[in-house]
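J.: To be precise about what I am sending: the file is called upload21.cif and holds mmCIF, C-alpha atoms and all ligand atoms.
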```cif
data_model
#
loop_
_atom_site.group_PDB
_atom_site.id
_atom_site.type_symbol
_atom_site.label_atom_id
_atom_site.label_comp_id
_atom_site.auth_asym_id
_atom_site.auth_seq_id
_atom_site.Cartn_x
_atom_site.Cartn_y
_atom_site.Cartn_z
ATOM 1 C CA MET A 1024 103.540 119.498 116.129
ATOM 2 C CA GLY A 1025 105.513 116.804 114.387
ATOM 3 C CA ILE A 1026 108.877 115.248 115.070
ATOM 4 C CA LEU A 1027 110.646 116.296 111.845
ATOM 5 C CA SER A 1028 112.562 119.552 111.406
ATOM 6 C CA PRO A 1029 111.949 121.650 108.257
ATOM 7 C CA ASP A 1030 115.365 120.507 106.930
ATOM 8 C CA GLN A 1031 114.478 116.828 107.424
ATOM 9 C CA LEU A 1032 111.154 117.346 105.642
ATOM 10 C CA LYS A 1033 112.916 119.121 102.785
ATOM 11 C CA SER A 1034 115.395 116.290 102.457
ATOM 12 C CA PHE A 1035 112.611 113.671 102.525
ATOM 13 C CA ASN A 1036 110.680 115.540 99.841
ATOM 14 C CA SER A 1037 113.694 115.850 97.554
ATOM 15 C CA GLN A 1038 115.319 112.408 98.096
ATOM 16 C CA GLY A 1039 112.232 110.282 98.790
ATOM 17 C CA PHE A 1040 113.792 108.850 101.934
ATOM 18 C CA LEU A 1041 115.145 110.015 105.245
ATOM 19 C CA VAL A 1042 117.286 108.391 107.930
ATOM 20 C CA ILE A 1043 116.417 109.237 111.535
ATOM 21 C CA GLU A 1044 119.242 108.007 113.740
ATOM 22 C CA SER A 1045 118.538 106.583 117.219
ATOM 23 C CA PHE A 1046 114.789 106.523 116.570
ATOM 24 C CA ALA A 1047 114.382 103.352 118.652
ATOM 25 C CA THR A 1048 116.010 102.889 122.055
ATOM 26 C CA ASP A 1049 118.187 99.869 122.896
ATOM 27 C CA ASP A 1050 115.359 98.746 125.184
ATOM 28 C CA GLU A 1051 112.787 98.791 122.385
ATOM 29 C CA ILE A 1052 115.144 96.877 120.108
ATOM 30 C CA GLN A 1053 115.876 94.262 122.793
ATOM 31 C CA THR A 1054 112.178 93.833 123.604
ATOM 32 C CA MET A 1055 111.282 93.220 119.942
ATOM 33 C CA THR A 1056 114.226 90.957 119.087
ATOM 34 C CA LYS A 1057 113.804 88.863 122.267
ATOM 35 C CA ARG A 1058 110.091 88.414 121.619
ATOM 36 C CA MET A 1059 110.827 87.355 118.046
ATOM 37 C CA GLU A 1060 113.348 84.812 119.336
ATOM 38 C CA GLN A 1061 110.586 83.305 121.507
ATOM 39 C CA LEU A 1062 108.040 83.303 118.674
ATOM 40 C CA VAL A 1063 110.481 81.492 116.396
ATOM 41 C CA ASP A 1064 111.375 78.973 119.121
ATOM 42 C CA GLU A 1065 107.666 78.193 119.591
ATOM 43 C CA PHE A 1066 106.990 77.972 115.834
ATOM 44 C CA ASP A 1067 106.594 74.456 114.393
ATOM 45 C CA PRO A 1068 108.167 74.538 110.900
ATOM 46 C CA SER A 1069 106.245 71.445 109.812
ATOM 47 C CA SER A 1070 103.042 73.534 110.096
ATOM 48 C CA THR A 1071 103.897 75.519 106.953
ATOM 49 C CA ALA A 1072 106.368 75.550 104.106
ATOM 50 C CA SER A 1073 105.479 79.006 102.818
ATOM 51 C CA ILE A 1074 108.377 80.627 101.011
ATOM 52 C CA PHE A 1075 108.719 84.343 100.532
ATOM 53 C CA SER A 1076 110.376 85.405 97.310
ATOM 54 C CA THR A 1077 110.223 88.819 95.681
ATOM 55 C CA LYS A 1078 111.565 87.271 92.462
ATOM 56 C CA ASN A 1079 108.913 84.606 92.165
ATOM 57 C CA GLN A 1080 105.687 85.950 93.566
ATOM 58 C CA GLN A 1081 103.515 83.257 91.971
ATOM 59 C CA LYS A 1082 104.358 81.203 95.043
ATOM 60 C CA LEU A 1083 102.349 83.587 97.183
ATOM 61 C CA THR A 1084 98.926 82.277 96.255
ATOM 62 C CA ASP A 1085 98.118 80.211 99.281
ATOM 63 C CA ASP A 1086 95.623 80.995 102.025
ATOM 64 C CA TYR A 1087 98.471 81.025 104.543
ATOM 65 C CA PHE A 1088 99.851 84.117 102.825
ATOM 66 C CA PHE A 1089 96.486 85.874 102.436
ATOM 67 C CA GLU A 1090 95.473 85.150 106.024
ATOM 68 C CA SER A 1091 98.793 86.499 107.290
ATOM 69 C CA ALA A 1092 97.372 90.021 106.826
ATOM 70 C CA GLU A 1093 95.680 89.594 110.215
ATOM 71 C CA ARG A 1094 98.050 87.075 111.815
ATOM 72 C CA VAL A 1095 101.600 86.386 112.888
ATOM 73 C CA SER A 1096 102.795 84.074 110.101
ATOM 74 C CA PHE A 1097 106.196 82.666 109.193
ATOM 75 C CA PHE A 1098 107.817 82.652 105.743
ATOM 76 C CA PHE A 1099 110.965 80.779 104.803
ATOM 77 C CA GLU A 1100 113.915 81.748 102.639
ATOM 78 C CA GLU A 1101 113.937 80.047 99.232
ATOM 79 C CA LYS A 1102 117.476 78.833 99.864
ATOM 80 C CA ALA A 1103 116.639 77.329 103.263
ATOM 81 C CA PHE A 1104 115.546 74.020 101.712
ATOM 82 C CA GLY A 1105 117.633 71.170 100.324
ATOM 83 C CA ASP A 1106 116.732 69.095 97.246
ATOM 84 C CA ASP A 1107 114.920 66.637 99.530
ATOM 85 C CA GLY A 1108 112.525 69.433 100.560
ATOM 86 C CA ASN A 1109 113.831 69.551 104.139
ATOM 87 C CA LEU A 1110 115.351 72.522 105.911
ATOM 88 C CA LYS A 1111 119.125 72.549 105.537
ATOM 89 C CA GLN A 1112 119.706 74.399 108.812
ATOM 90 C CA PRO A 1113 117.847 75.263 112.050
ATOM 91 C CA LYS A 1114 114.569 77.199 111.657
ATOM 92 C CA GLN A 1115 116.141 80.129 113.508
ATOM 93 C CA VAL A 1116 118.388 80.824 110.488
ATOM 94 C CA SER A 1117 115.928 79.712 107.787
ATOM 95 C CA LEU A 1118 113.151 82.290 108.006
ATOM 96 C CA ASN A 1119 112.853 85.197 105.591
ATOM 97 C CA LYS A 1120 110.223 87.105 107.558
ATOM 98 C CA VAL A 1121 107.363 87.056 110.023
ATOM 99 C CA GLY A 1122 104.248 89.127 109.270
ATOM 100 C CA HIS A 1123 101.950 90.831 108.703
ATOM 101 C CA ALA A 1124 100.052 91.855 111.855
ATOM 102 C CA LEU A 1125 102.765 91.891 114.535
ATOM 103 C CA HIS A 1126 101.841 95.524 115.182
ATOM 104 C CA GLU A 1127 98.318 94.473 116.226
ATOM 105 C CA ILE A 1128 98.843 91.116 117.901
ATOM 106 C CA GLU A 1129 102.212 91.205 119.635
ATOM 107 C CA PRO A 1130 102.427 93.744 122.508
ATOM 108 C CA ALA A 1131 106.193 94.375 122.097
ATOM 109 C CA PHE A 1132 105.698 95.300 118.454
ATOM 110 C CA LYS A 1133 102.402 97.099 119.067
ATOM 111 C CA LYS A 1134 104.038 99.317 121.671
ATOM 112 C CA PHE A 1135 106.721 100.538 119.281
ATOM 113 C CA SER A 1136 104.401 100.729 116.248
ATOM 114 C CA SER A 1137 101.782 102.873 117.949
ATOM 115 C CA SER A 1138 104.220 104.890 120.068
ATOM 116 C CA GLU A 1139 103.924 108.643 120.355
ATOM 117 C CA LYS A 1140 107.060 109.090 118.241
ATOM 118 C CA THR A 1141 105.657 107.015 115.370
ATOM 119 C CA SER A 1142 102.413 109.021 115.467
ATOM 120 C CA SER A 1143 104.349 112.252 115.692
ATOM 121 C CA LEU A 1144 106.361 111.264 112.615
ATOM 122 C CA MET A 1145 103.179 110.587 110.632
ATOM 123 C CA ARG A 1146 101.800 113.949 111.790
ATOM 124 C CA SER A 1147 104.953 115.609 110.463
ATOM 125 C CA LEU A 1148 104.297 113.977 107.098
ATOM 126 C CA GLY A 1149 100.750 115.398 107.084
ATOM 127 C CA TYR A 1150 98.798 112.174 107.734
ATOM 128 C CA LYS A 1151 95.293 112.816 109.100
ATOM 129 C CA ARG A 1152 94.110 109.270 109.894
ATOM 130 C CA PRO A 1153 97.109 106.960 109.517
ATOM 131 C CA VAL A 1154 96.630 103.198 109.581
ATOM 132 C CA ILE A 1155 99.428 100.617 109.676
ATOM 133 C CA MET A 1156 98.433 98.131 106.977
ATOM 134 C CA GLN A 1157 101.225 95.649 107.556
ATOM 135 C CA SER A 1158 104.263 94.909 109.664
ATOM 136 C CA MET A 1159 107.156 92.587 108.902
ATOM 137 C CA TYR A 1160 110.082 91.305 110.917
ATOM 138 C CA ILE A 1161 112.733 90.750 108.243
ATOM 139 C CA PHE A 1162 115.707 88.516 109.134
ATOM 140 C CA LYS A 1163 117.996 88.794 106.082
ATOM 141 C CA GLN A 1164 119.684 85.619 107.280
ATOM 142 C CA PRO A 1165 123.461 85.115 107.072
ATOM 143 C CA GLY A 1166 124.482 83.472 103.812
ATOM 144 C CA ILE A 1167 120.963 82.910 102.435
ATOM 145 C CA GLY A 1168 119.085 86.195 103.076
ATOM 146 C CA GLY A 1169 117.368 86.722 99.701
ATOM 147 C CA GLU A 1170 117.530 89.715 97.406
ATOM 148 C CA VAL A 1171 114.561 92.095 97.507
ATOM 149 C CA VAL A 1172 114.163 93.282 93.929
ATOM 150 C CA PRO A 1173 113.667 96.996 93.081
ATOM 151 C CA HIS A 1174 110.127 98.040 93.941
ATOM 152 C CA GLN A 1175 107.841 100.812 95.175
ATOM 153 C CA ASP A 1176 105.710 100.221 98.254
ATOM 154 C CA ASN A 1177 102.662 101.879 96.647
ATOM 155 C CA SER A 1178 102.544 98.901 94.224
ATOM 156 C CA PHE A 1179 101.600 96.577 97.079
ATOM 157 C CA ILE A 1180 99.737 98.887 99.462
ATOM 158 C CA TYR A 1181 97.665 100.919 97.061
ATOM 159 C CA THR A 1182 95.239 103.698 97.984
ATOM 160 C CA GLU A 1183 93.608 106.357 95.851
ATOM 161 C CA PRO A 1184 95.252 108.829 96.031
ATOM 162 C CA GLN A 1185 98.531 106.992 96.814
ATOM 163 C CA THR A 1186 99.544 107.396 100.451
ATOM 164 C CA CYS A 1187 101.839 104.554 101.513
ATOM 165 C CA THR A 1188 104.921 105.402 103.577
ATOM 166 C CA GLY A 1189 107.384 102.748 104.699
ATOM 167 C CA LEU A 1190 108.977 102.934 108.155
ATOM 168 C CA TRP A 1191 111.966 100.610 108.179
ATOM 169 C CA LEU A 1192 113.675 100.182 111.529
ATOM 170 C CA ALA A 1193 117.145 98.632 111.674
ATOM 171 C CA LEU A 1194 117.243 96.183 114.601
ATOM 172 C CA GLU A 1195 120.875 95.421 113.744
ATOM 173 C CA ASP A 1196 123.480 97.472 111.880
ATOM 174 C CA ALA A 1197 122.710 97.349 108.146
ATOM 175 C CA THR A 1198 125.836 97.479 106.007
ATOM 176 C CA LEU A 1199 126.992 96.895 102.446
ATOM 177 C CA SER A 1200 128.005 93.359 103.340
ATOM 178 C CA ASN A 1201 124.876 92.168 105.182
ATOM 179 C CA GLY A 1202 122.329 93.550 102.701
ATOM 180 C CA CYS A 1203 121.433 97.146 103.612
ATOM 181 C CA LEU A 1204 118.706 99.008 101.709
ATOM 182 C CA TRP A 1205 119.557 100.779 98.441
ATOM 183 C CA ALA A 1206 117.429 103.464 96.758
ATOM 184 C CA ILE A 1207 117.363 105.750 93.723
ATOM 185 C CA PRO A 1208 117.264 109.250 95.244
ATOM 186 C CA GLY A 1209 114.457 111.358 93.794
ATOM 187 C CA SER A 1210 112.829 108.393 92.010
ATOM 188 C CA HIS A 1211 109.595 108.952 93.989
ATOM 189 C CA LYS A 1212 108.958 112.006 91.807
ATOM 190 C CA ASN A 1213 108.406 109.863 88.706
ATOM 191 C CA GLY A 1214 105.174 108.252 89.838
ATOM 192 C CA LEU A 1215 104.080 104.665 90.325
ATOM 193 C CA VAL A 1216 105.483 102.189 87.786
ATOM 194 C CA ARG A 1217 103.202 99.173 88.313
ATOM 195 C CA LYS A 1218 100.610 97.629 90.585
ATOM 196 C CA PHE A 1219 100.545 94.291 92.383
ATOM 197 C CA TYR A 1220 97.010 92.960 92.541
ATOM 198 C CA ARG A 1221 95.019 89.981 93.695
ATOM 199 C CA ASP A 1222 92.324 88.211 91.713
ATOM 200 C CA GLU A 1223 90.752 84.750 91.656
ATOM 201 C CA ASP A 1224 94.030 83.230 90.354
ATOM 202 C CA GLY A 1225 96.244 84.662 93.075
ATOM 203 C CA VAL A 1226 98.547 87.683 92.959
ATOM 204 C CA LYS A 1227 100.435 89.289 90.081
ATOM 205 C CA PHE A 1228 101.817 92.538 88.712
ATOM 206 C CA ASP A 1229 99.939 94.428 85.997
ATOM 207 C CA ARG A 1230 103.168 94.874 83.979
ATOM 208 C CA PRO A 1231 106.796 93.757 84.019
ATOM 209 C CA SER A 1232 109.386 95.666 86.015
ATOM 210 C CA PRO A 1233 111.516 98.167 84.121
ATOM 211 C CA SER A 1234 115.220 97.381 84.328
ATOM 212 C CA TYR A 1235 117.205 99.602 86.639
ATOM 213 C CA ASP A 1236 120.833 100.630 86.499
ATOM 214 C CA LYS A 1237 122.760 99.735 89.654
ATOM 215 C CA LYS A 1238 124.738 102.974 89.396
ATOM 216 C CA ASP A 1239 121.573 105.014 90.062
ATOM 217 C CA PHE A 1240 121.142 103.425 93.501
ATOM 218 C CA VAL A 1241 122.798 104.648 96.694
ATOM 219 C CA PRO A 1242 123.325 102.392 99.718
ATOM 220 C CA ILE A 1243 121.582 103.304 102.960
ATOM 221 C CA GLU A 1244 123.941 101.958 105.609
ATOM 222 C CA VAL A 1245 122.512 102.556 109.075
ATOM 223 C CA LYS A 1246 123.150 101.685 112.702
ATOM 224 C CA ALA A 1247 120.724 99.617 114.767
ATOM 225 C CA GLY A 1248 117.965 101.918 116.036
ATOM 226 C CA SER A 1249 117.915 104.079 112.906
ATOM 227 C CA LEU A 1250 114.622 104.498 111.099
ATOM 228 C CA VAL A 1251 114.530 104.835 107.313
ATOM 229 C CA VAL A 1252 111.391 106.693 106.211
ATOM 230 C CA ILE A 1253 110.532 105.609 102.662
ATOM 231 C CA HIS A 1254 108.217 107.462 100.265
ATOM 232 C CA GLY A 1255 105.675 105.064 98.704
ATOM 233 C CA ASN A 1256 106.968 105.743 95.191
ATOM 234 C CA LEU A 1257 110.692 105.486 95.999
ATOM 235 C CA ILE A 1258 112.454 102.743 94.018
ATOM 236 C CA HIS A 1259 114.360 100.710 96.606
ATOM 237 C CA GLN A 1260 115.839 97.244 96.968
ATOM 238 C CA SER A 1261 118.324 95.149 98.921
ATOM 239 C CA PHE A 1262 120.849 92.580 97.749
ATOM 240 C CA GLU A 1263 121.440 89.054 99.006
ATOM 241 C CA ASN A 1264 123.140 88.751 102.345
ATOM 242 C CA GLN A 1265 126.215 86.677 101.586
ATOM 243 C CA SER A 1266 127.921 87.644 104.836
ATOM 244 C CA PRO A 1267 128.001 85.634 108.075
ATOM 245 C CA LYS A 1268 126.017 88.388 109.885
ATOM 246 C CA SER A 1269 122.236 88.706 109.954
ATOM 247 C CA ARG A 1270 120.496 92.034 109.328
ATOM 248 C CA HIS A 1271 117.244 92.108 111.270
ATOM 249 C CA ALA A 1272 114.745 94.883 110.566
ATOM 250 C CA TYR A 1273 111.165 95.750 111.502
ATOM 251 C CA SER A 1274 109.189 97.318 108.698
ATOM 252 C CA LEU A 1275 105.805 99.074 108.781
ATOM 253 C CA HIS A 1276 103.691 100.285 105.884
ATOM 254 C CA VAL A 1277 101.320 103.085 106.736
ATOM 255 C CA VAL A 1278 98.516 104.640 104.666
ATOM 256 C CA ASP A 1279 96.222 107.596 105.230
ATOM 257 C CA THR A 1280 92.560 106.669 105.468
ATOM 258 C CA ASP A 1281 91.234 110.223 105.552
ATOM 259 C CA GLY A 1282 89.698 110.847 102.140
ATOM 260 C CA CYS A 1283 91.704 107.962 100.615
ATOM 261 C CA LYS A 1284 90.289 104.723 99.294
ATOM 262 C CA TRP A 1285 91.833 101.301 99.994
ATOM 263 C CA ALA A 1286 91.944 99.504 96.615
ATOM 264 C CA SER A 1287 89.788 96.370 96.542
ATOM 265 C CA GLU A 1288 92.408 94.581 94.356
ATOM 266 C CA ASN A 1289 95.090 94.880 97.081
ATOM 267 C CA TRP A 1290 96.333 91.543 98.399
ATOM 268 C CA ILE A 1291 95.385 92.619 101.926
ATOM 269 C CA ARG A 1292 91.654 92.200 102.445
ATOM 270 C CA ARG A 1293 90.864 92.816 106.063
ATOM 271 C CA LYS A 1294 87.996 91.104 107.833
ATOM 272 C CA VAL A 1295 88.386 93.458 110.784
ATOM 273 C CA GLU A 1296 88.914 97.163 110.050
ATOM 274 C CA PRO A 1297 92.307 98.251 111.407
ATOM 275 C CA GLU A 1298 92.427 101.035 113.996
ATOM 276 C CA PRO A 1299 94.086 104.342 113.060
ATOM 277 C CA LEU A 1300 97.135 105.590 114.999
ATOM 278 C CA TYR A 1301 95.222 108.840 115.587
ATOM 279 C CA VAL A 1302 92.502 110.919 114.011
ATOM 280 C CA ASN A 1303 93.281 114.565 113.328
HETATM 281 O O1 LIG A 1401 114.432 94.742 104.292
HETATM 282 C C1 LIG A 1401 114.602 94.688 103.084
HETATM 283 O O2 LIG A 1401 115.591 94.171 102.591
HETATM 284 C C2 LIG A 1401 113.612 95.305 102.137
HETATM 285 C C3 LIG A 1401 112.428 95.858 102.845
HETATM 286 C C4 LIG A 1401 111.537 96.672 101.979
HETATM 287 O O3 LIG A 1401 111.767 96.885 100.823
HETATM 288 C C5 LIG A 1401 110.341 97.242 102.573
HETATM 289 O O4 LIG A 1401 110.088 97.033 103.774
HETATM 290 O O5 LIG A 1401 109.606 97.931 101.821
#
```
Could you render the structure from this file as structure tokens?
T.:
Amino acid sequence: MGILSPDQLKSFNSQGFLVIESFATDDEIQTMTKRMEQLVDEFDPSSTASIFSTKNQQKLTDDYFFESAERVSFFFEEKAFGDDGNLKQPKQVSLNKVGHALHEIEPAFKKFSSSEKTSSLMRSLGYKRPVIMQSMYIFKQPGIGGEVVPHQDNSFIYTEPQTCTGLWLALEDATLSNGCLWAIPGSHKNGLVRKFYRDEDGVKFDRPSPSYDKKDFVPIEVKAGSLVVIHGNLIHQSFENQSPKSRHAYSLHVVDTDGCKWASENWIRRKVEPEPLYVN
């Protein structure tokens, strides 16, 4: 038995996304945000200057990025640096995200990611052998939190057939002013637009992005604790956070590994096979 009602499943299938309110408890949120505070405090910013930008992905060619698939790695906001190359403000408000294996390495994140309710949700969606391929703690920092351009998660986490689902947990209220998610309802029905692949030169897309009309997007404003379930082909994005409030989120991307093939051109190339949440 899964966690979703028939109405929720119907809505997910027609819209391509679903909001589940109060999915995480206050305790779970506190445990994850407090642990992240500690990890950031312990992080030495001089050890890396990796920047995460969805607009300029050529920057993501370094080993630090590739190795982050199996580590807890730190990525800065583009706008965190001054012309002299130094951080303009404390590291705590300069990071774009931490990823991509929090769900394996950090107990607080592992506990939530492999909880019975997460498994139950994937069962509801028909997954037979779900594997979390990546996790990200996204800060969307006040004032400088960068735009995430319109995309589909299947572009980055590609299996044949396509099976990626995004689980995006709001750790703080996500609003119009602090950069909530936006999506084009029903856009998942139009298939995958382009693929993001890795070769000997780094990472790139196989074709340019189509242009999207802002009026087709709807905002997904949610309270802390809400989970947004995102179909792998849903076109979604978020705008810059120009407000004085952060918008922390914890995002997981899950694929089915039962009868589905992980594409060898994906940027994630695991040395150690990840464990499934369950096997049906
Ligand atoms: O948190 C955001 O602003 C975007 C996250 C996203 O697109 C994702 O996790 O797939």
J.: Can you check which parts of chain A lie within 6 Å of ligand LIG 1401 (chain A)? Per residue, the shortest pair of atoms and distance in Å to one decimal, counting all atoms listed in the file, sorted by chain and number, as a tab-separated table.
T.:
```
residue	atom	partner	partner_atom	distance
A:Ile1161	CA	A:LIG1401	O1	5.9
A:Val1171	CA	A:LIG1401	O2	5.6
A:Asp1176	CA	A:LIG1401	O5	5.8
A:Trp1191	CA	A:LIG1401	O4	6.0
A:Leu1204	CA	A:LIG1401	O2	5.8
A:Gln1260	CA	A:LIG1401	O3	5.6
A:Ser1261	CA	A:LIG1401	O2	4.7
A:Ser1274	CA	A:LIG1401	O4	5.0
```
J.: Which residues of region 1168-1222 of chain A come within 10 Å of region 1042-1052 of chain A, and what is each one's closest atom pair and distance in Å (one decimal), counting only C-alpha atoms, sorted by chain and residue number, as CSV?
T.:
```
residue,atom,partner,partner_atom,distance
A:Leu1190,CA,A:Val1042,CA,9.9
A:Trp1191,CA,A:Val1042,CA,9.4
A:Leu1192,CA,A:Ala1047,CA,7.8
A:Ala1193,CA,A:Ile1052,CA,8.8
A:Leu1194,CA,A:Ile1052,CA,5.9
A:Glu1195,CA,A:Ile1052,CA,8.7
```
J.: Could you check how far CA of Ala1247 (chain A) sits from CA of Arg1270 (chain A), in Å to one decimal?
T.: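 Computing it gives 9.3 Å between the two atoms.
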J.: Run through the PyMOL selection byres (((chain A and resi 1041) around 12) and not hetatm) on the given coordinates and return the selected residues as a PyMOL selection string.
T.: chain A and resi 1027-1028+1030-1040+1042-1044+1046+1144+1148+1188-1192+1206+1208-1209+1243-1245+1249-1254+1257
J.: Keeping only C-alpha atoms, write those residues as a compact mmCIF listing (two decimals), in the frame of the given file.
T.:
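Output file part.txt is given in full below:
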```txt
# COMPACT_ATOMS: atom_id res chain seq x y z
CA LEU A 1027 110.65 116.30 111.84
CA SER A 1028 112.56 119.55 111.41
CA ASP A 1030 115.36 120.51 106.93
CA GLN A 1031 114.48 116.83 107.42
CA LEU A 1032 111.15 117.35 105.64
CA LYS A 1033 112.92 119.12 102.78
CA SER A 1034 115.40 116.29 102.46
CA PHE A 1035 112.61 113.67 102.52
CA ASN A 1036 110.68 115.54 99.84
CA SER A 1037 113.69 115.85 97.55
CA GLN A 1038 115.32 112.41 98.10
CA GLY A 1039 112.23 110.28 98.79
CA PHE A 1040 113.79 108.85 101.93
CA VAL A 1042 117.29 108.39 107.93
CA ILE A 1043 116.42 109.24 111.54
CA GLU A 1044 119.24 108.01 113.74
CA PHE A 1046 114.79 106.52 116.57
CA LEU A 1144 106.36 111.26 112.62
CA LEU A 1148 104.30 113.98 107.10
CA THR A 1188 104.92 105.40 103.58
CA GLY A 1189 107.38 102.75 104.70
CA LEU A 1190 108.98 102.93 108.16
CA TRP A 1191 111.97 100.61 108.18
CA LEU A 1192 113.68 100.18 111.53
CA ALA A 1206 117.43 103.46 96.76
CA PRO A 1208 117.26 109.25 95.24
CA GLY A 1209 114.46 111.36 93.79
CA ILE A 1243 121.58 103.30 102.96
CA GLU A 1244 123.94 101.96 105.61
CA VAL A 1245 122.51 102.56 109.08
CA SER A 1249 117.92 104.08 112.91
CA LEU A 1250 114.62 104.50 111.10
CA VAL A 1251 114.53 104.84 107.31
CA VAL A 1252 111.39 106.69 106.21
CA ILE A 1253 110.53 105.61 102.66
CA HIS A 1254 108.22 107.46 100.26
CA LEU A 1257 110.69 105.49 96.00
```
J.: Find the distance between CA of Lys1268 (chain A) and CA of Ser1200 (chain A) and write it in Å to one decimal.
T.: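 Result for CA of Lys1268 (chain A) versus CA of Ser1200 (chain A): 8.5 Å, one decimal.
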J.: Taking the file as I've supplied it (selection: the PyMOL selection byres (((chain A and resi 1278) around 12) and not hetatm)), which residues are included? Please answer as a PyMOL selection string.
T.: chain A and resi 1145+1148-1157+1176-1177+1179-1190+1254-1255+1275-1277+1279-1286+1297-1300
J.: Excluding Glu1139 (chain A) and its own-chain neighbours fewer than 2 positions away, which residues fall within 12 Å of it when counting all atoms listed in the file? Please give them as a list in words.
T.: Met1024, Gly1025, Ile1026, Phe1046, Ala1047, Lys1133, Lys1134, Phe1135, Ser1136, Ser1137, Thr1141, Ser1142, Ser1143, Leu1144, Met1145, Arg1146, Leu1300 and Tyr1301 of chain A
J.: Given the file above and the PyMOL selection byres (((chain A and resi 1122) around 6) and not hetatm), which residues are selected, and can you give them as number ranges by chain?
T.: A: 1095-1096, 1121, 1123-1124, 1158-1159
J.: Find the residue from A:Ser1232, A:Ile1258, A:Leu1062, A:Asp1106 that sits nearest to Asn1213 (chain A); use all atoms listed in the file when measuring.
T.: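 That would be A:Ile1258, the residue with the smallest distance to Asn1213 (chain A).
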J.: Which residues, written as a JSON list (two decimals) with C-alpha atoms, in the frame of the given file, have at least one atom at most 10 Å from Arg1217 (chain A), with all atoms listed in the file counted and residues fewer than 2 positions away on the same chain left out?
T.:
```json
[["chain", "number", "residue", "atom", "x", "y", "z"],
["A", 1174, "HIS", "CA", 110.13, 98.04, 93.94],
["A", 1175, "GLN", "CA", 107.84, 100.81, 95.18],
["A", 1177, "ASN", "CA", 102.66, 101.88, 96.65],
["A", 1178, "SER", "CA", 102.54, 98.90, 94.22],
["A", 1179, "PHE", "CA", 101.60, 96.58, 97.08],
["A", 1214, "GLY", "CA", 105.17, 108.25, 89.84],
["A", 1215, "LEU", "CA", 104.08, 104.66, 90.32],
["A", 1219, "PHE", "CA", 100.54, 94.29, 92.38],
["A", 1220, "TYR", "CA", 97.01, 92.96, 92.54],
["A", 1228, "PHE", "CA", 101.82, 92.54, 88.71],
["A", 1229, "ASP", "CA", 99.94, 94.43, 86.00],
["A", 1230, "ARG", "CA", 103.17, 94.87, 83.98],
["A", 1231, "PRO", "CA", 106.80, 93.76, 84.02],
["A", 1232, "SER", "CA", 109.39, 95.67, 86.02],
["A", 1233, "PRO", "CA", 111.52, 98.17, 84.12]]
```
J.: For each of A:Arg1221, A:Val1302, A:Ile1207, A:Asn1201, take the minimum atom-to-atom distance to Lys1237 (chain A), counting all atoms listed in the file, then give the residue where this is smallest.
T.: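 For Lys1237 (chain A), the nearest of the given residues is A:Ile1207.
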J.: Nearest residue to Ser1117 (chain A) out of A:Gly1166, A:His1259, A:Tyr1087, A:Lys1140, using only C-alpha atoms?
T.: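 With only C-alpha atoms as the atom set, the closest residue is A:Gly1166.
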J.: Mind checking which residues fall within 6 Å of Glu1100 (chain A), counting only C-alpha atoms, ignoring those fewer than 3 positions away in the same chain, and posting them as an MDAnalysis selection string?
T.: chainID A and resid 1074 1103 1117:1119
J.: Choose the residue, out of A:Leu1110, A:Val1063, A:Cys1203, A:Ile1128, that has the smallest atom-to-atom separation from Ala1272 (chain A); count only C-alpha atoms.
T.: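 Going through A:Leu1110, A:Val1063, A:Cys1203, A:Ile1128 one by one, the smallest distance to Ala1272 (chain A) is for A:Cys1203.
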J.: Under the rule that only C-alpha atoms are counted, which of A:Thr1056, A:Trp1290, A:Gly1108, A:Tyr1160 is the nearest residue to Glu1223 (chain A)?
T.: A:Trp1290
J.: Would you mind reading off the distance between CA of Met1055 (chain A) and CA of Pro1130 (chain A), one decimal, in Å?
T.: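 It comes out at 9.2 Å.
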J.: Pick from A:Asp1239, A:Asp1085, A:Asp1064, A:Glu1093: nearest to Pro1113 (chain A), with only C-alpha atoms counted?
T.: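 Answer, going by the shortest atom-to-atom distance: A:Asp1064.
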